[in-house]
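> Next comes the structure file entry02.csv, holding CSV, C-alpha atoms.
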chain,number,residue,atom,x,y,z
A,82,MET,CA,61.6,-12.4,7.4
A,83,LYS,CA,59.9,-13.9,10.4
A,84,ASN,CA,60.8,-10.9,12.5
A,85,SER,CA,59.5,-8.4,9.9
A,86,GLY,CA,56.3,-10.3,9.7
A,87,ILE,CA,55.7,-9.9,13.4
A,88,LYS,CA,56.7,-6.3,13.1
A,89,ILE,CA,54.0,-5.7,10.4
A,90,LEU,CA,51.4,-7.4,12.6
A,91,LEU,CA,52.3,-5.3,15.7
A,92,ASN,CA,52.5,-2.1,13.7
A,93,GLY,CA,48.7,-2.0,13.2
A,94,LEU,CA,48.0,-3.1,16.7
A,95,ILE,CA,49.9,-0.4,18.6
A,96,LYS,CA,52.3,1.9,16.8
A,97,GLU,CA,49.9,2.8,14.0
A,98,ASN,CA,46.6,1.9,15.6
A,99,PRO,CA,44.0,3.0,13.1
A,100,VAL,CA,41.7,4.6,15.6
A,101,PHE,CA,44.0,6.1,18.3
A,102,VAL,CA,46.9,7.1,16.1
A,103,LEU,CA,45.9,7.4,12.5
A,104,ILE,CA,42.4,8.7,13.5
A,105,LEU,CA,40.7,6.8,10.6
A,106,GLY,CA,37.4,5.1,10.5
A,107,MET,CA,35.8,7.4,13.1
A,108,CYS,CA,32.1,6.9,12.0
A,109,PRO,CA,31.8,3.2,12.9
A,110,THR,CA,34.1,3.7,15.9
A,111,LEU,CA,31.7,6.2,17.5
A,112,ALA,CA,28.4,4.8,16.3
A,113,THR,CA,28.7,1.1,17.0
A,114,THR,CA,30.4,1.1,20.4
A,115,SER,CA,27.3,1.6,22.6
A,116,SER,CA,28.2,-1.8,24.1
A,117,ALA,CA,31.3,-4.0,24.1
A,118,VAL,CA,29.6,-6.7,22.0
A,119,ASN,CA,28.5,-4.3,19.3
A,120,GLY,CA,32.0,-2.7,19.2
A,121,MET,CA,33.7,-6.0,18.9
A,122,SER,CA,31.4,-7.4,16.2
A,123,MET,CA,31.9,-4.2,14.1
A,124,GLY,CA,35.7,-4.6,14.6
A,125,LEU,CA,35.6,-8.2,13.5
A,126,ALA,CA,33.5,-7.4,10.4
A,127,THR,CA,36.0,-4.7,9.4
A,128,LEU,CA,38.8,-7.1,10.2
A,129,PHE,CA,37.3,-9.6,7.7
A,130,VAL,CA,36.9,-7.0,5.0
A,131,LEU,CA,40.4,-5.5,5.5
A,132,PHE,CA,42.1,-8.9,5.5
A,133,SER,CA,40.4,-10.2,2.4
A,134,SER,CA,40.6,-7.0,0.4
A,135,ASN,CA,44.3,-6.6,1.2
A,136,ILE,CA,45.0,-10.1,-0.1
A,137,ILE,CA,43.1,-9.7,-3.3
A,138,VAL,CA,44.5,-6.2,-3.9
A,139,SER,CA,48.0,-7.4,-3.5
A,140,ILE,CA,47.4,-10.4,-5.8
A,141,LEU,CA,46.0,-8.2,-8.5
A,142,LYS,CA,48.3,-5.2,-8.0
A,143,ASN,CA,50.2,-5.9,-11.3
A,144,ILE,CA,47.1,-6.5,-13.4
A,145,ILE,CA,45.0,-3.4,-12.3
A,146,PRO,CA,46.0,-0.4,-14.5
A,147,ASP,CA,47.3,2.5,-12.4
A,148,LYS,CA,44.7,5.0,-13.6
A,149,VAL,CA,41.6,3.0,-12.5
A,150,ARG,CA,43.1,1.5,-9.4
A,151,ILE,CA,40.9,3.4,-6.9
A,152,PRO,CA,37.6,2.4,-8.5
A,153,ALA,CA,38.9,-1.2,-8.8
A,154,TYR,CA,39.8,-1.2,-5.1
A,155,VAL,CA,36.4,0.1,-4.2
A,156,VAL,CA,34.7,-2.7,-6.2
A,157,ILE,CA,36.9,-5.3,-4.5
A,158,ILE,CA,36.1,-3.8,-1.0
A,159,ALA,CA,32.4,-3.5,-1.8
A,160,THR,CA,32.2,-7.2,-2.8
A,161,PHE,CA,33.7,-8.3,0.5
A,162,VAL,CA,31.4,-5.9,2.4
A,163,SER,CA,28.4,-7.5,0.7
A,164,VAL,CA,29.7,-10.9,1.6
A,165,ALA,CA,30.2,-9.9,5.2
A,166,GLU,CA,26.7,-8.3,5.3
A,167,MET,CA,25.0,-11.5,4.0
A,168,LEU,CA,27.0,-13.7,6.4
A,169,ILE,CA,26.1,-11.5,9.4
A,170,HIS,CA,22.4,-11.3,8.3
A,171,ALA,CA,22.3,-15.1,8.0
A,172,TYR,CA,24.1,-16.2,11.2
A,173,PHE,CA,23.8,-13.2,13.6
A,174,PRO,CA,20.5,-11.5,13.0
A,175,ALA,CA,20.6,-9.7,16.3
A,176,ILE,CA,24.0,-8.1,15.6
A,177,TYR,CA,22.7,-7.3,12.0
A,178,GLU,CA,19.8,-5.4,13.6
A,179,SER,CA,21.9,-3.4,16.0
A,180,LEU,CA,24.7,-2.5,13.6
A,181,GLY,CA,22.2,-1.7,10.8
A,182,ILE,CA,23.4,0.8,8.2
A,183,PHE,CA,27.0,0.7,9.4
A,184,ILE,CA,27.6,-2.7,7.9
A,185,PRO,CA,27.3,-1.5,4.3
A,186,LEU,CA,29.1,1.7,5.3
A,187,ILE,CA,32.3,-0.4,5.9
A,188,VAL,CA,32.8,0.3,2.2
A,189,VAL,CA,33.6,4.0,2.9
A,190,ASN,CA,35.6,3.3,6.0
A,191,CYS,CA,38.9,5.1,5.2
A,192,ILE,CA,41.1,2.4,6.8
A,193,VAL,CA,40.1,-0.3,4.3
A,194,LEU,CA,40.8,1.8,1.2
A,195,GLY,CA,43.7,3.5,2.9
A,196,ARG,CA,45.5,0.2,3.6
A,197,ALA,CA,44.8,-1.1,0.0
A,198,GLU,CA,46.3,2.0,-1.4
A,199,ALA,CA,49.1,2.6,1.0
A,200,PHE,CA,50.2,-1.0,1.7
A,201,ALA,CA,48.6,-3.8,-0.3
A,202,SER,CA,49.3,-2.2,-3.7
A,203,LYS,CA,53.0,-2.2,-3.0
A,204,ASN,CA,53.8,-5.3,-0.9
A,205,THR,CA,53.7,-9.1,-1.2
A,206,VAL,CA,50.6,-11.2,-0.6
A,207,LEU,CA,51.9,-12.5,2.8
A,208,SER,CA,52.9,-9.1,4.3
A,209,SER,CA,49.6,-7.6,3.0
A,210,ALA,CA,47.6,-10.3,4.7
A,211,LEU,CA,49.6,-9.7,7.9
A,212,ASP,CA,49.1,-5.9,7.6
A,213,GLY,CA,45.3,-6.5,7.1
A,214,LEU,CA,45.2,-8.8,10.1
A,215,GLY,CA,47.2,-6.3,12.3
A,216,MET,CA,45.2,-3.3,11.3
A,217,GLY,CA,42.0,-5.2,11.7
A,218,LEU,CA,43.0,-6.4,15.1
A,219,GLY,CA,44.0,-2.9,16.1
A,220,PHE,CA,40.7,-1.6,15.0
A,221,THR,CA,38.8,-4.4,16.9
A,222,LEU,CA,40.9,-3.7,20.0
A,223,ALA,CA,40.1,0.0,19.9
A,224,LEU,CA,36.4,-0.5,19.3
A,225,THR,CA,36.2,-3.2,22.0
A,226,LEU,CA,38.0,-0.9,24.5
A,227,LEU,CA,35.7,2.0,23.7
A,228,GLY,CA,32.7,-0.3,24.0
A,229,VAL,CA,33.8,-1.6,27.3
A,230,VAL,CA,34.3,1.9,28.8
A,231,ARG,CA,31.0,3.2,27.5
A,232,GLU,CA,29.0,0.2,28.6
A,233,LEU,CA,30.6,0.2,32.0
A,234,LEU,CA,30.1,3.9,32.7
A,235,GLY,CA,26.7,3.9,31.1
A,236,THR,CA,25.0,0.8,32.4
A,237,GLY,CA,27.5,-0.8,34.9
A,238,LYS,CA,28.0,-3.9,32.7
A,239,VAL,CA,30.8,-5.4,30.8
A,240,PHE,CA,29.8,-7.7,27.9
A,241,GLY,CA,26.5,-7.9,29.6
A,242,ASN,CA,27.9,-9.0,33.0
A,243,ILE,CA,26.8,-6.8,35.8
A,244,VAL,CA,29.7,-5.0,37.6
A,245,PHE,CA,27.7,-2.5,39.6
A,246,SER,CA,24.0,-1.6,39.7
A,247,GLU,CA,22.5,0.1,36.7
A,248,ASN,CA,21.1,2.8,39.0
A,249,TYR,CA,24.6,4.2,39.3
A,250,GLY,CA,25.2,4.3,35.5
A,251,ALA,CA,25.3,7.6,33.6
A,252,ILE,CA,23.2,6.8,30.6
A,253,ILE,CA,24.8,9.7,28.7
A,254,PHE,CA,27.8,7.5,28.0
A,255,VAL,CA,25.7,5.1,26.0
A,256,LEU,CA,24.1,7.9,24.0
A,257,ALA,CA,25.7,10.0,21.3
A,258,PRO,CA,27.6,12.7,23.5
A,259,GLY,CA,29.3,9.9,25.5
A,260,ALA,CA,30.8,8.4,22.4
A,261,PHE,CA,32.6,11.7,21.5
A,262,ILE,CA,33.7,12.4,25.0
A,263,VAL,CA,35.1,8.9,25.8
A,264,LEU,CA,36.9,8.7,22.5
A,265,GLY,CA,38.4,12.2,23.1
A,266,TYR,CA,39.7,11.2,26.5
A,267,LEU,CA,41.0,7.8,25.3
A,268,ILE,CA,43.0,9.5,22.4
A,269,ALA,CA,44.4,12.0,24.9
A,270,ILE,CA,45.5,9.2,27.2
A,271,MET,CA,47.1,7.4,24.3
A,272,ASN,CA,48.9,10.5,23.2
A,273,LYS,CA,50.2,10.9,26.7
A,274,LEU,CA,51.3,7.3,27.0
A,275,ARG,CA,53.1,7.3,23.6
A,276,LYS,CA,55.1,10.4,24.7
A,277,THR,CA,56.2,8.8,27.9
A,278,LEU,CA,57.1,5.4,26.4
B,72,MET,CA,3.6,19.5,6.6
B,73,THR,CA,5.6,16.2,6.2
B,74,PHE,CA,8.4,18.2,4.6
B,75,ILE,CA,8.7,20.5,7.6
B,76,PHE,CA,8.9,17.5,9.9
B,77,ILE,CA,11.5,15.8,7.7
B,78,PHE,CA,13.5,19.1,7.7
B,79,ILE,CA,13.4,19.7,11.5
B,80,SER,CA,14.1,16.0,12.2
B,81,ALA,CA,17.1,15.9,9.9
B,82,VAL,CA,18.6,19.2,10.9
B,83,PHE,CA,18.1,19.2,14.6
B,84,VAL,CA,16.7,16.1,16.2
B,85,ASN,CA,18.5,13.4,14.2
B,86,ASN,CA,21.5,15.5,13.2
B,87,ILE,CA,23.6,13.5,10.8
B,88,VAL,CA,26.9,14.1,12.6
B,89,LEU,CA,26.0,14.6,16.2
B,90,SER,CA,23.4,11.9,16.7
B,91,GLN,CA,23.8,9.6,13.6
B,92,PHE,CA,27.7,9.6,13.6
B,93,LEU,CA,28.0,9.9,9.8
B,94,GLY,CA,30.7,12.1,8.2
B,95,ILE,CA,32.9,12.3,11.3
B,96,CYS,CA,36.1,12.3,9.1
B,97,PRO,CA,35.3,15.6,7.3
B,98,PHE,CA,33.7,16.9,10.5
B,99,LEU,CA,37.1,16.6,12.3
B,100,GLY,CA,39.2,17.2,9.2
B,101,VAL,CA,37.9,20.4,7.8
B,102,SER,CA,36.6,22.1,11.0
B,103,LYS,CA,39.8,23.9,11.8
B,104,ARG,CA,38.8,27.0,10.0
B,105,MET,CA,35.5,28.6,9.1
B,106,ASP,CA,36.0,29.1,5.4
B,107,THR,CA,36.9,25.5,4.7
B,108,ALA,CA,33.9,24.4,6.8
B,109,ILE,CA,31.6,26.5,4.6
B,110,GLY,CA,33.2,25.2,1.4
B,111,MET,CA,32.8,21.6,2.4
B,112,THR,CA,29.2,22.1,3.4
B,113,GLY,CA,28.4,23.5,-0.1
B,114,ALA,CA,30.1,20.6,-1.8
B,115,VAL,CA,28.3,18.0,0.4
B,116,ALA,CA,24.9,19.6,-0.1
B,117,PHE,CA,25.4,19.7,-3.9
B,118,VAL,CA,26.6,16.1,-4.3
B,119,MET,CA,24.2,14.7,-1.7
B,120,ALA,CA,21.1,16.0,-3.4
B,121,ILE,CA,22.2,14.7,-6.9
B,122,ALA,CA,23.5,11.4,-5.6
B,123,THR,CA,20.2,10.7,-3.7
B,124,ILE,CA,18.1,11.3,-6.8
B,125,PHE,CA,20.3,8.9,-8.9
B,126,THR,CA,20.6,6.1,-6.3
B,127,TYR,CA,16.8,6.3,-5.6
B,128,ILE,CA,15.9,6.0,-9.3
B,129,ILE,CA,18.4,3.1,-9.8
B,130,GLN,CA,17.0,1.3,-6.7
B,131,LYS,CA,13.4,1.6,-7.8
B,132,ALA,CA,13.9,1.1,-11.5
B,133,VAL,CA,16.6,-1.5,-11.6
B,134,LEU,CA,17.4,-3.2,-8.3
B,135,ASP,CA,13.8,-3.7,-7.0
B,136,PRO,CA,12.2,-5.0,-10.3
B,137,PHE,CA,15.0,-7.5,-10.9
B,138,HIS,CA,15.2,-8.5,-7.2
B,139,ILE,CA,19.0,-7.9,-7.0
B,140,GLN,CA,18.9,-5.8,-3.8
B,141,PHE,CA,22.0,-7.5,-2.6
B,142,LEU,CA,24.0,-5.5,-5.2
B,143,GLN,CA,22.9,-2.3,-3.4
B,144,THR,CA,26.1,-1.5,-1.7
B,145,ILE,CA,28.3,-2.0,-4.8
B,146,THR,CA,25.9,-0.2,-7.1
B,147,PHE,CA,25.5,2.8,-4.9
B,148,ILE,CA,29.2,3.3,-4.2
B,149,LEU,CA,29.9,3.1,-7.9
B,150,ILE,CA,27.2,5.6,-8.8
B,151,ILE,CA,28.5,8.0,-6.1
B,152,ALA,CA,32.1,7.7,-7.3
B,153,ALA,CA,31.1,8.2,-10.9
B,154,LEU,CA,28.9,11.1,-10.0
B,155,VAL,CA,31.6,12.9,-8.1
B,156,GLN,CA,33.9,12.7,-11.1
B,157,LEU,CA,31.1,13.9,-13.4
B,158,VAL,CA,30.2,16.8,-11.1
B,159,GLU,CA,33.8,17.8,-11.0
B,160,ILE,CA,34.1,17.8,-14.8
B,161,VAL,CA,30.8,19.6,-15.4
B,162,LEU,CA,31.5,22.2,-12.8
B,163,LYS,CA,34.9,22.9,-14.3
B,164,LYS,CA,33.3,23.6,-17.7
B,165,ILE,CA,30.1,25.4,-16.6
B,166,SER,CA,31.0,27.4,-13.5
B,167,PRO,CA,34.8,27.9,-12.9
B,168,ALA,CA,34.0,30.1,-9.9
B,169,LEU,CA,32.0,27.4,-8.1
B,170,TYR,CA,34.6,24.9,-9.1
B,171,GLN,CA,37.3,27.1,-7.5
B,172,ALA,CA,35.3,27.2,-4.3
B,173,LEU,CA,34.3,23.5,-4.1
B,174,GLY,CA,37.0,21.8,-6.2
B,175,VAL,CA,39.4,20.6,-3.5
B,176,TYR,CA,36.5,19.1,-1.5
B,177,LEU,CA,34.9,17.1,-4.3
B,178,PRO,CA,37.4,14.1,-4.4
B,179,LEU,CA,37.2,13.8,-0.6
B,180,ILE,CA,33.4,13.3,-0.9
B,181,THR,CA,33.6,9.9,-2.4
B,182,THR,CA,34.7,8.5,0.9
B,183,ASN,CA,32.4,10.7,2.9
B,184,CYS,CA,30.0,8.3,4.4
B,185,THR,CA,27.2,10.8,4.7
B,186,ILE,CA,26.5,10.5,1.0
B,187,LEU,CA,26.2,6.7,0.9
B,188,GLY,CA,24.5,6.8,4.3
B,189,VAL,CA,21.7,9.1,3.2
B,190,ALA,CA,21.3,7.1,-0.1
B,191,LEU,CA,20.8,4.0,2.0
B,192,LEU,CA,18.7,5.7,4.7
B,193,VAL,CA,16.1,7.0,2.2
B,194,ILE,CA,15.6,3.5,0.9
B,195,LYS,CA,15.3,2.1,4.4
B,196,LYS,CA,12.8,4.8,5.5
B,197,ASP,CA,10.7,4.2,2.4
B,198,PHE,CA,10.5,7.9,1.3
B,199,ASN,CA,9.2,8.9,-2.1
B,200,LEU,CA,11.4,10.8,-4.5
B,201,VAL,CA,10.5,14.3,-3.4
B,202,GLU,CA,10.7,13.4,0.3
B,203,SER,CA,14.2,11.9,-0.4
B,204,VAL,CA,15.4,15.1,-2.0
B,205,VAL,CA,14.1,17.2,0.9
B,206,PHE,CA,15.7,14.7,3.4
B,207,ALA,CA,19.0,14.9,1.5
B,208,ILE,CA,19.1,18.7,1.5
B,209,SER,CA,18.0,18.9,5.1
B,210,THR,CA,20.7,16.4,6.1
B,211,ALA,CA,23.3,18.5,4.3
B,212,ILE,CA,22.1,21.6,6.2
B,213,GLY,CA,22.4,19.7,9.4
B,214,PHE,CA,25.9,18.6,8.5
B,215,GLY,CA,26.8,22.2,7.7
B,216,LEU,CA,25.3,23.5,10.9
B,217,ALA,CA,27.4,21.0,13.1
B,218,LEU,CA,30.5,21.6,11.0
B,219,ILE,CA,30.3,25.4,11.2
B,220,LEU,CA,29.5,25.4,14.9
B,221,LEU,CA,32.5,23.2,15.6
B,222,ALA,CA,34.7,25.3,13.4
B,223,GLY,CA,33.7,28.5,15.3
B,224,ILE,CA,34.5,26.9,18.6
B,225,ARG,CA,37.8,25.4,17.4
B,226,GLU,CA,39.0,28.8,16.1
B,227,GLN,CA,38.5,30.1,19.6
B,228,LEU,CA,40.1,27.0,21.2
B,229,ASN,CA,43.3,27.8,19.3
B,230,MET,CA,43.8,30.7,21.6
B,231,VAL,CA,43.7,28.9,24.9
B,232,LYS,CA,46.4,26.7,26.4
B,233,LEU,CA,45.5,23.1,26.6
B,234,PRO,CA,47.4,20.1,28.1
B,235,LYS,CA,49.8,18.7,25.5
B,236,GLY,CA,47.9,15.4,24.9
B,237,MET,CA,44.6,17.1,24.5
B,238,GLU,CA,45.5,19.4,21.7
B,239,GLY,CA,43.9,18.9,18.3
B,240,ILE,CA,41.7,15.9,17.8
B,241,PRO,CA,40.9,15.0,21.5
B,242,ALA,CA,39.8,18.6,22.3
B,243,ALA,CA,37.7,18.6,19.1
B,244,LEU,CA,36.1,15.3,20.0
B,245,ILE,CA,35.2,16.5,23.5
B,246,THR,CA,33.8,19.8,22.1
B,247,ALA,CA,31.7,17.7,19.7
B,248,GLY,CA,30.5,15.7,22.6
B,249,LEU,CA,29.3,18.8,24.4
B,250,LEU,CA,27.6,20.0,21.1
B,251,ALA,CA,25.9,16.6,20.8
B,252,MET,CA,24.7,17.0,24.4
B,253,ALA,CA,23.2,20.4,23.5
B,254,PHE,CA,21.5,18.9,20.4
B,255,MET,CA,19.9,16.2,22.6
B,256,GLY,CA,17.7,19.0,23.9
B,257,PHE,CA,15.9,18.9,20.6
B,258,ALA,CA,14.8,15.3,21.1
B,259,GLY,CA,11.1,14.8,21.2
B,260,ILE,CA,10.2,17.9,19.1
B,261,VAL,CA,9.3,15.7,16.2
B,262,ARG,CA,7.9,12.2,17.0
Please lay out the structure from this file as structure tokens.

Amino acid sequence: MKNSGIKILLNGLIKENPVFVLILGMCPTLATTSSAVNGMSMGLATLFVLFSSNIIVSILKNIIPDKVRIPAYVVIIATFVSVAEMLIHAYFPAIYESLGIFIPLIVVNCIVLGRAEAFASKNTVLSSALDGLGMGLGFTLALTLLGVVRELLGTGKVFGNIVFSENYGAIIFVLAPGAFIVLGYLIAIMNKLRKTL
Amino acid sequence: MTFIFIFISAVFVNNIVLSQFLGICPFLGVSKRMDTAIGMTGAVAFVMAIATIFTYIIQKAVLDPFHIQFLQTITFILIIAALVQLVEIVLKKISPALYQALGVYLPLITTNCTILGVALLVIKKDFNLVESVVFAISTAIGFGLALILLAGIREQLNMVKLPKGMEGIPAALITAGLLAMAFMGFAGIVR
């Protein structure tokens, strides 16, 4: 049991990483990673929603009628997104400003609904919680990595710490095209690594 | 004049996919072939215009007067989900031909963040109802433009040999990046 718990947790982190392998949740991945901090906060907000909604869905899985399960899941997810939105607004106003519309849009992030439907509706509360945690951490990891690369190439900083002078940064990586190009190359590298492993 | 500004801004300058990053999933998912790209664009334009009208009215008539704006996210997503179902049923009855063309794309649209994104954006930008509809339709056209451009390029990309790891999604993403770079040339036309 202990072994399989760790397996579920690691599954989301590496083997089925939502961003690099499943290619889910692309919109926030591209939009909020202009800096490492933004990427990480978006990842953590999604982690919170994924973790909580997975637990509630797996608790209620026998009560929710099969036919209306998708709308029911959406309502559960939307509730937690609203909670997350209010918490971020209250405690981290700067992050709330920079993430903007992408906080409410966690509702339509396919990973959250995808895990509720594919995992939490069929498994126990504990493993659903671990799955939510693993997937959320995998998402956070991917977003942070993308944010670090873009921030470094674009402005020469990592988490705001100067690595090299901003004059040598290519600002294009912080702007929209950079997001697509960096993510494209990161996925290509991951594909290559997974083949050789 | 405002309408023209809204149109140009939504289609070119602030293109929903290439500079706002909304609707990336269908952008990558259905851009493999031209005909699916066109079908998806039609379905999105249709649902987006209707959904924006409904969410706008609910926001102004229910959420604002009762000061329950914090229910915005839940309300909007439910309206959109219900609306997509409704559109599907009505289309099936009224126009089977259109249903045939758009049918498979409709269920996918509930989780298409462009619809919810535009519904939230028009409230944020403080548009009136007519401006909102113009904005919704222009955004859909912008989405279609990006989708069809990428589909055209990806059809050609199928014929060249790429390194193994780059095939599929990575190549599409890098192509999209180059498209986004081209669209940055429009920056500054409006405001």
> List every residue of chain A that has an atom at most 7 Å from any atom of chain B, and for each one report the closest atom pair and its distance in Å to one decimal, counting only C-alpha atoms, with rows sorted by chain and then by increasing residue number, as a Markdown table.

| residue | atom | partner | partner_atom | distance |
| --- | --- | --- | --- | --- |
| A:Met107 | CA | B:Ile95 | CA | 6.0 |
| A:Cys108 | CA | B:Phe92 | CA | 5.4 |
| A:Leu111 | CA | B:Phe92 | CA | 6.5 |
| A:Ala112 | CA | B:Phe92 | CA | 5.6 |
| A:Val156 | CA | B:Ile145 | CA | 6.6 |
| A:Ala159 | CA | B:Ile145 | CA | 5.3 |
| A:Thr160 | CA | B:Ile145 | CA | 6.8 |
| A:Ser163 | CA | B:Thr144 | CA | 6.9 |
| A:Pro185 | CA | B:Thr144 | CA | 6.1 |
| A:Leu186 | CA | B:Cys184 | CA | 6.7 |
| A:Val189 | CA | B:Thr182 | CA | 5.0 |
| A:Cys191 | CA | B:Thr182 | CA | 6.9 |
| A:Ala257 | CA | B:Ser90 | CA | 5.5 |
| A:Pro258 | CA | B:Gly248 | CA | 4.3 |
| A:Gly259 | CA | B:Gly248 | CA | 6.6 |
| A:Phe261 | CA | B:Gly248 | CA | 4.6 |
| A:Ile262 | CA | B:Ile245 | CA | 4.6 |
| A:Gly265 | CA | B:Pro241 | CA | 4.1 |
| A:Tyr266 | CA | B:Pro241 | CA | 6.4 |
| A:Ile268 | CA | B:Pro241 | CA | 6.0 |
| A:Ala269 | CA | B:Gly236 | CA | 4.9 |
| A:Asn272 | CA | B:Gly236 | CA | 5.3 |
| A:Lys273 | CA | B:Gly236 | CA | 5.4 |
> As a ChimeraX atom specification, please: the residues near Gly228 of chain A (cut-off 12 Å, all atoms listed in the file, same-chain neighbours under 2 positions excluded).
/A:109-124,221-226,230-236,238-241,254-256,259-260,263-264,267
> How many Å lie between atom CA of Ile87 of chain A and atom CA of Ile158 of chain A, rounded to one decimal?
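Computing the Euclidean distance for atom CA of Ile87 of chain A and atom CA of Ile158 of chain A yields 25.1 Å.
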> Identify which of the residues A:Ser246, A:Thr127, A:Thr205, A:Asn190 lies closest to Ala165 of chain A, counting only C-alpha atoms when measuring atom-to-atom distances.
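Result for the nearest residue to Ala165 of chain A: A:Thr127.
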> Expressed in Å to a single decimal, how great is the separation between atom CA of Gly113 of chain B and atom CA of Asn86 of chain B?
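The value is 17.0 Å.
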> Separation of atom CA of Met230 of chain B and atom CA of Ile109 of chain B, in Å?
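These atoms are spaced 21.3 Å apart.
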> So that I can check the surroundings of Asp147 of chain A, please list as a PyMOL selection string every protein, DNA and RNA residue that reaches within 12 Å of it, counting all atoms listed in the file and ignoring chain neighbours fewer than 6 positions away.
chain A and resi 141+153-154+198+202-203
> Considering only C-alpha atoms, return as a PyMOL selection string whatever protein or nucleic-acid residues lie within 8 Å of Gly219 of chain A, sequence-local ones (same chain, fewer than 3 positions apart) excluded.
chain A and resi 93-95+98-100+215-216+222-223
> Choose the residue, out of A:Ile151, A:Leu103, A:Met167, A:Ile136, that has the smallest atom-to-atom separation from Ser208 of chain A; count only C-alpha atoms.
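Going through A:Ile151, A:Leu103, A:Met167, A:Ile136 one by one, the smallest distance to Ser208 of chain A is for A:Ile136.
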> Point out the residue among A:Asn242, A:Asn135, A:Ser85, A:Asn248 with the least atom-to-atom distance to Leu214 of chain A, counting all atoms listed in the file.
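Among the listed residues, the smallest separation from Leu214 of chain A belongs to A:Asn135.
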> Which residues are near Ile121 of chain B? Cut-off 12 Å, all atoms listed in the file, ignore same chain within fewer than 6 positions. Put them as JSON, numbers by chain.
{"B": [114, 115, 127, 128, 150, 151, 153, 154, 155, 157, 158, 186, 187, 189, 190, 200, 203, 204, 205, 207, 208, 211]}
> Take the residues from that selection and put them in a file with C-alpha atoms, as a tab-separated table (two decimals), in the frame of the given file.

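For reference, selection.tsv as written:
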chain	number	residue	atom	x	y	z
B	114	ALA	CA	30.10	20.60	-1.80
B	115	VAL	CA	28.30	18.00	0.40
B	127	TYR	CA	16.80	6.30	-5.60
B	128	ILE	CA	15.90	6.00	-9.30
B	150	ILE	CA	27.20	5.60	-8.80
B	151	ILE	CA	28.50	8.00	-6.10
B	153	ALA	CA	31.10	8.20	-10.90
B	154	LEU	CA	28.90	11.10	-10.00
B	155	VAL	CA	31.60	12.90	-8.10
B	157	LEU	CA	31.10	13.90	-13.40
B	158	VAL	CA	30.20	16.80	-11.10
B	186	ILE	CA	26.50	10.50	1.00
B	187	LEU	CA	26.20	6.70	0.90
B	189	VAL	CA	21.70	9.10	3.20
B	190	ALA	CA	21.30	7.10	-0.10
B	200	LEU	CA	11.40	10.80	-4.50
B	203	SER	CA	14.20	11.90	-0.40
B	204	VAL	CA	15.40	15.10	-2.00
B	205	VAL	CA	14.10	17.20	0.90
B	207	ALA	CA	19.00	14.90	1.50
B	208	ILE	CA	19.10	18.70	1.50
B	211	ALA	CA	23.30	18.50	4.30
> For each of B:Val82, B:Gln171, B:Phe76, B:Ser102, take the minimum atom-to-atom distance to Ile219 of chain B, counting all atoms listed in the file, then give the residue where this is smallest.
B:Ser102
